[in-house]
$ cat coords_7.pdb   # PDB, C-alpha atoms
MODEL        1
ATOM      1  CA  MET W 487     -18.352  35.056   0.554
ATOM      2  CA  ASN W 488     -21.065  33.436   2.737
ATOM      3  CA  ARG W 489     -20.311  31.357   5.840
ATOM      4  CA  PRO W 490     -20.739  27.838   4.310
ATOM      5  CA  THR W 491     -18.446  28.748   1.404
ATOM      6  CA  LEU W 492     -15.893  30.244   3.803
ATOM      7  CA  ALA W 493     -15.960  27.067   5.969
ATOM      8  CA  ILE W 494     -15.406  24.829   2.934
ATOM      9  CA  ALA W 495     -12.506  26.998   1.754
ATOM     10  CA  ALA W 496     -10.930  26.910   5.227
ATOM     11  CA  ALA W 497     -11.281  23.111   5.414
ATOM     12  CA  ALA W 498      -9.653  22.761   1.998
ATOM     13  CA  LEU W 499      -6.700  24.882   3.133
ATOM     14  CA  VAL W 500      -6.250  22.690   6.226
ATOM     15  CA  VAL W 501      -6.227  19.533   4.084
ATOM     16  CA  VAL W 502      -3.647  21.042   1.709
ATOM     17  CA  ALA W 503      -1.499  22.210   4.626
ATOM     18  CA  LEU W 504      -1.596  18.801   6.295
ATOM     19  CA  ALA W 505      -0.777  17.047   3.049
ATOM     20  CA  GLY W 506       2.346  19.174   2.796
ATOM     21  CA  CYS W 507       3.408  18.136   6.309
ATOM     22  CA  THR W 508       3.203  14.380   5.866
ATOM     23  CA  SER W 509       4.918  11.936   3.611
ATOM     24  CA  ASP W 510       3.944   8.376   2.795
ATOM     25  CA  PRO W 511       6.845   6.660   0.985
ATOM     26  CA  LEU W 512       4.578   4.152  -0.762
ATOM     27  CA  ALA W 513       2.206   6.913  -1.881
ATOM     28  CA  ASP W 514       5.157   8.976  -3.093
ATOM     29  CA  GLN W 515       6.483   6.005  -5.100
ATOM     30  CA  TYR W 516       3.015   5.384  -6.554
ATOM     31  CA  ALA W 517       2.700   9.032  -7.544
ATOM     32  CA  SER W 518       6.102   8.888  -9.226
ATOM     33  CA  GLY W 519       4.862   6.018 -11.400
ATOM     34  CA  SER W 520       7.626   3.622 -10.365
ATOM     35  CA  GLY W 521       5.172   0.707 -10.153
ATOM     36  CA  GLN W 522       7.557  -1.266  -7.945
ATOM     37  CA  GLY W 523       4.920  -2.113  -5.323
ATOM     38  CA  TYR W 524       7.201  -1.913  -2.287
ATOM     39  CA  VAL W 525       8.983   0.699  -0.203
ATOM     40  CA  SER W 526      12.684   0.409  -0.904
ATOM     41  CA  GLY W 527      15.293   1.587   1.555
ATOM     42  CA  ASP W 528      18.501   3.340   0.601
ATOM     43  CA  GLY W 529      20.932   0.866   2.156
ATOM     44  CA  ALA W 530      21.435   3.011   5.248
ATOM     45  CA  TYR W 531      22.453   1.069   8.316
ATOM     46  CA  THR W 532      21.885   1.635  12.013
ATOM     47  CA  GLU W 533      23.764   0.115  14.923
ATOM     48  CA  ILE W 534      22.318   0.319  18.428
ATOM     49  CA  PRO W 535      24.496   0.249  21.558
ATOM     50  CA  ALA W 536      23.511  -2.574  23.918
ATOM     51  CA  ALA W 537      22.257  -0.191  26.599
ATOM     52  CA  GLU W 538      19.855   1.475  24.134
ATOM     53  CA  ARG W 539      18.245  -1.597  22.557
ATOM     54  CA  GLY W 540      14.534  -2.225  22.742
ATOM     55  CA  PRO W 541      12.746  -5.228  24.192
ATOM     56  CA  VAL W 542      13.124  -8.869  23.209
ATOM     57  CA  ILE W 543      11.106  -9.525  20.048
ATOM     58  CA  GLU W 544       8.825 -12.547  20.247
ATOM     59  CA  PHE W 545       7.684 -14.032  16.958
ATOM     60  CA  SER W 546       6.707 -17.307  15.362
ATOM     61  CA  GLY W 547       5.676 -18.537  11.950
ATOM     62  CA  THR W 548       5.707 -21.384   9.460
ATOM     63  CA  THR W 549       8.530 -21.812   6.987
ATOM     64  CA  GLU W 550       8.304 -22.686   3.316
ATOM     65  CA  SER W 551       8.858 -26.344   4.261
ATOM     66  CA  GLY W 552       6.052 -26.339   6.845
ATOM     67  CA  ASP W 553       8.216 -26.153   9.970
ATOM     68  CA  THR W 554       7.309 -23.874  12.864
ATOM     69  CA  VAL W 555      10.015 -21.382  13.811
ATOM     70  CA  SER W 556      10.036 -18.903  16.677
ATOM     71  CA  ASN W 557      12.419 -16.585  18.463
ATOM     72  CA  ASP W 558      12.950 -19.368  21.015
ATOM     73  CA  ASP W 559      14.816 -21.344  18.344
ATOM     74  CA  PHE W 560      17.480 -18.616  18.306
ATOM     75  CA  ALA W 561      17.801 -18.109  22.069
ATOM     76  CA  GLY W 562      21.357 -17.294  23.122
ATOM     77  CA  THR W 563      22.625 -16.737  19.570
ATOM     78  CA  VAL W 564      23.431 -13.701  17.508
ATOM     79  CA  HIS W 565      21.275 -14.133  14.413
ATOM     80  CA  VAL W 566      20.227 -12.354  11.235
ATOM     81  CA  ILE W 567      16.691 -11.859   9.928
ATOM     82  CA  ASN W 568      16.089 -10.717   6.351
ATOM     83  CA  PHE W 569      12.681  -9.464   5.154
ATOM     84  CA  TRP W 570      12.242 -10.145   1.441
ATOM     85  CA  TYR W 571      10.139 -11.481  -1.432
ATOM     86  CA  ALA W 572      10.944 -12.863  -4.867
ATOM     87  CA  GLY W 573       9.593  -9.996  -6.982
ATOM     88  CA  CYS W 574      11.696  -7.409  -5.132
ATOM     89  CA  ALA W 575      14.639  -6.407  -7.341
ATOM     90  CA  PRO W 576      16.977  -5.404  -4.464
ATOM     91  CA  CYS W 577      16.187  -8.747  -2.789
ATOM     92  CA  ARG W 578      17.440 -10.561  -5.867
ATOM     93  CA  LEU W 579      20.548  -8.378  -6.018
ATOM     94  CA  GLU W 580      21.554  -9.005  -2.411
ATOM     95  CA  ALA W 581      20.764 -12.740  -2.410
ATOM     96  CA  LYS W 582      24.340 -13.717  -3.315
ATOM     97  CA  ASP W 583      25.735 -11.602  -0.461
ATOM     98  CA  LEU W 584      23.304 -13.056   2.059
ATOM     99  CA  LYS W 585      24.224 -16.547   0.877
ATOM    100  CA  ALA W 586      27.949 -15.816   1.192
ATOM    101  CA  VAL W 587      27.675 -14.252   4.646
ATOM    102  CA  SER W 588      25.387 -16.984   5.967
ATOM    103  CA  GLU W 589      27.956 -19.578   4.839
ATOM    104  CA  ALA W 590      30.865 -17.605   6.309
ATOM    105  CA  TYR W 591      29.157 -17.448   9.728
ATOM    106  CA  PRO W 592      27.999 -21.003  10.538
ATOM    107  CA  ASP W 593      27.467 -20.063  14.209
ATOM    108  CA  VAL W 594      25.177 -17.133  13.294
ATOM    109  CA  PRO W 595      21.810 -18.498  12.145
ATOM    110  CA  PHE W 596      20.012 -16.705   9.314
ATOM    111  CA  LEU W 597      16.238 -16.568   8.871
ATOM    112  CA  GLY W 598      14.259 -15.083   6.021
ATOM    113  CA  VAL W 599      10.801 -13.566   6.385
ATOM    114  CA  ASN W 600       8.978 -13.657   3.064
ATOM    115  CA  ILE W 601       6.305 -10.979   3.156
ATOM    116  CA  PHE W 602       4.499 -11.720  -0.108
ATOM    117  CA  ASP W 603       5.081 -15.092  -1.787
ATOM    118  CA  THR W 604       3.613 -18.547  -1.518
ATOM    119  CA  ALA W 605       5.855 -21.285  -0.165
ATOM    120  CA  GLU W 606       6.337 -22.621  -3.713
ATOM    121  CA  ASN W 607       7.555 -19.251  -5.036
ATOM    122  CA  ALA W 608       9.897 -18.847  -2.068
ATOM    123  CA  ILE W 609      11.369 -22.304  -2.667
ATOM    124  CA  THR W 610      11.926 -21.522  -6.359
ATOM    125  CA  PHE W 611      13.790 -18.337  -5.422
ATOM    126  CA  GLU W 612      15.872 -20.114  -2.795
ATOM    127  CA  LYS W 613      16.859 -22.854  -5.246
ATOM    128  CA  LYS W 614      17.830 -20.317  -7.903
ATOM    129  CA  TYR W 615      20.051 -18.336  -5.515
ATOM    130  CA  GLU W 616      21.163 -21.389  -3.485
ATOM    131  CA  ILE W 617      19.841 -19.995  -0.207
ATOM    132  CA  ALA W 618      20.090 -22.748   2.417
ATOM    133  CA  TYR W 619      18.507 -21.046   5.429
ATOM    134  CA  PRO W 620      14.710 -21.139   5.943
ATOM    135  CA  SER W 621      12.155 -18.387   5.479
ATOM    136  CA  ILE W 622       8.914 -17.828   7.334
ATOM    137  CA  ILE W 623       6.040 -17.299   4.894
ATOM    138  CA  ASP W 624       4.399 -14.266   6.500
ATOM    139  CA  VAL W 625       1.968 -13.121   3.819
ATOM    140  CA  GLN W 626      -1.217 -14.561   5.377
ATOM    141  CA  THR W 627      -0.820 -13.247   8.920
ATOM    142  CA  ASN W 628       1.932 -10.601   8.790
ATOM    143  CA  ALA W 629       2.637 -11.780  12.335
ATOM    144  CA  VAL W 630       6.426 -11.494  12.129
ATOM    145  CA  GLN W 631       6.264  -8.091  10.465
ATOM    146  CA  LEU W 632       3.909  -6.890  13.197
ATOM    147  CA  ALA W 633       6.170  -8.259  15.931
ATOM    148  CA  PHE W 634       9.000  -6.029  14.700
ATOM    149  CA  ALA W 635       6.853  -3.059  13.629
ATOM    150  CA  GLY W 636       6.973  -1.274  16.978
ATOM    151  CA  GLN W 637      10.752  -0.999  17.005
ATOM    152  CA  GLY W 638      10.905   2.642  15.913
ATOM    153  CA  ALA W 639      14.087   3.498  14.026
ATOM    154  CA  VAL W 640      14.940  -0.162  13.403
ATOM    155  CA  ALA W 641      11.537  -1.473  12.317
ATOM    156  CA  PRO W 642      11.589  -3.332   8.958
ATOM    157  CA  ASN W 643       9.735  -0.600   7.083
ATOM    158  CA  ALA W 644      11.384  -1.214   3.718
ATOM    159  CA  VAL W 645      11.977  -4.261   1.538
ATOM    160  CA  PRO W 646      14.506  -5.695   1.852
ATOM    161  CA  THR W 647      15.442  -5.082   5.475
ATOM    162  CA  THR W 648      18.147  -7.019   7.277
ATOM    163  CA  LEU W 649      18.217  -7.097  11.081
ATOM    164  CA  ILE W 650      21.013  -8.257  13.348
ATOM    165  CA  ILE W 651      19.590  -9.662  16.585
ATOM    166  CA  ASP W 652      21.682  -9.969  19.736
ATOM    167  CA  ARG W 653      21.871 -12.983  22.054
ATOM    168  CA  GLU W 654      19.052 -11.600  24.178
ATOM    169  CA  GLY W 655      16.724 -11.395  21.176
ATOM    170  CA  ARG W 656      16.884  -7.607  20.754
ATOM    171  CA  VAL W 657      17.458  -5.705  17.504
ATOM    172  CA  ALA W 658      21.109  -4.617  17.519
ATOM    173  CA  GLY W 659      21.304  -3.292  13.967
ATOM    174  CA  ARG W 660      19.406  -2.774  10.734
ATOM    175  CA  ILE W 661      20.223  -2.364   7.066
ATOM    176  CA  SER W 662      17.283  -0.682   5.339
ATOM    177  CA  GLY W 663      17.195  -1.628   1.685
ATOM    178  CA  LEU W 664      19.808  -3.303  -0.481
ATOM    179  CA  ILE W 665      22.978  -4.396   1.303
ATOM    180  CA  GLN W 666      25.444  -2.165  -0.556
ATOM    181  CA  ASP W 667      28.450  -4.304   0.356
ATOM    182  CA  LYS W 668      28.555  -7.542   2.308
ATOM    183  CA  SER W 669      31.391  -6.116   4.420
ATOM    184  CA  ILE W 670      28.831  -3.817   6.047
ATOM    185  CA  LEU W 671      26.805  -6.809   7.195
ATOM    186  CA  THR W 672      29.852  -8.776   8.314
ATOM    187  CA  ALA W 673      31.174  -5.824  10.321
ATOM    188  CA  MET W 674      27.802  -5.431  12.035
ATOM    189  CA  ILE W 675      27.680  -9.135  12.846
ATOM    190  CA  ASP W 676      31.256  -9.065  14.146
ATOM    191  CA  THR W 677      30.422  -6.188  16.483
ATOM    192  CA  VAL W 678      27.475  -8.007  18.043
ATOM    193  CA  VAL W 679      29.271 -11.362  18.242
ATOM    194  CA  ALA W 680      32.247  -9.740  19.989
ATOM    195  CA  GLU W 681      29.954  -7.934  22.406
ATOM    196  CA  ALA W 682      28.064 -11.127  23.190
ATOM    197  CA  ALA W 683      31.281 -12.998  23.947
ATOM    198  CA  ARG W 684      32.324 -10.582  26.704
TER     199      ARG W 684
ENDMDL
END
$ encode --input "coords_7.pdb" --output "structure tokens"
Amino acid sequence: MNRPTLAIAAAALVVVALAGCTSDPLADQYASGSGQGYVSGDGAYTEIPAAERGPVIEFSGTTESGDTVSNDDFAGTVHVINFWYAGCAPCRLEAKDLKAVSEAYPDVPFLGVNIFDTAENAITFEKKYEIAYPSIIDVQTNAVQLAFAGQGAVAPNAVPTTLIIDREGRVAGRISGLIQDKSILTAMIDTVVAEAAR
């Protein structure tokens, strides 16, 4: 085997070896032929002790009704942020639970972040599932997604993702994927509310 052929063979082996060491969930789903077009989580949840939370997350965006919303609007409150879009099957499945929990916790504001739809599509979804809280339409800028992207283990890297934010504006917990039972979300909220009241 001559040197150029040997170099090409070696490069090919490196590429194959590296491909075996990395995993891209969206690429894996595409290869499986699922056609779902989003990375779905498994419903796993993470709670972060107050002393281990990351920095305050600053974000802003425009809701489906044209209002500007930012993290400043939630200052001093425990709040919930849900990343979603209308064509996402788990988002449709958990809509009733999000509605119920948002109504059961009037002092805990909820905010949606729609990562794909137009305002009109978001409004249609919200009317169908009777969702009363607003959603930022983030598809044009991805600004809210980017604001949370650097949060490591609690970044919203699946759709849906539900984040519980503490009174300081830090991520205190995350549910990655479909909320399996609304009691999981309520327990997480209760923990952060109780902590904030100390």
$ closest_residue --input "coords_7.pdb" --among "W:Cys577, W:Ile623, W:Ile651, W:Ala572" --to "W:Asn557" --atoms "all atoms listed in the file"
W:Ile651
$ residues_around --input "coords_7.pdb" --residues "W:Thr554" --least-positions-apart "3" --cutoff "12 Å" --atoms "only C-alpha atoms" --output "JSON, numbers by chain"
{"W": [545, 546, 547, 548, 549, 550, 551, 557, 558, 559, 620, 621, 622, 623, 624]}
$ resolve_selection --input "coords_7.pdb" --expression "the PyMOL selection byres ((chain W and resi 665) around 12)" --output "count of residues only"
35
$ resolve_selection --input "coords_7.pdb" --expression "the PyMOL selection byres ((chain W and resi 589-604) around 8)" --output "count of residues only"
30
$ closest_residue --input "coords_7.pdb" --among "W:Glu681, W:Ala618, W:Lys613, W:Gly659" --to "W:Gln637" --atoms "only C-alpha atoms"
W:Gly659
$ residues_around --input "coords_7.pdb" --residues "W:Phe634" --least-positions-apart "6" --cutoff "8 Å" --atoms "all atoms listed in the file" --output "count of residues only"
3
$ atom_distance --input "coords_7.pdb" --atom1 "atom CA of W:Val555" --atom2 "atom CA of W:Ala658"
20.4 Å
$ closest_residue --input "coords_7.pdb" --among "W:Asp676, W:Gly573, W:Ala561, W:Gly655" --to "W:Val542" --atoms "all atoms listed in the file"
W:Gly655
$ atom_distance --input "coords_7.pdb" --atom1 "atom CA of W:Leu632" --atom2 "atom CA of W:Glu533"
21.1 Å
$ atom_distance --input "coords_7.pdb" --atom1 "atom CA of W:Arg653" --atom2 "atom CA of W:Thr677"
12.3 Å
$ residues_around --input "coords_7.pdb" --residues "W:Ala537" --least-positions-apart "2" --cutoff "12 Å" --atoms "all atoms listed in the file" --output "JSON, numbers by chain"
{"W": [533, 534, 535, 539, 540, 541, 652, 656, 657, 658, 681]}
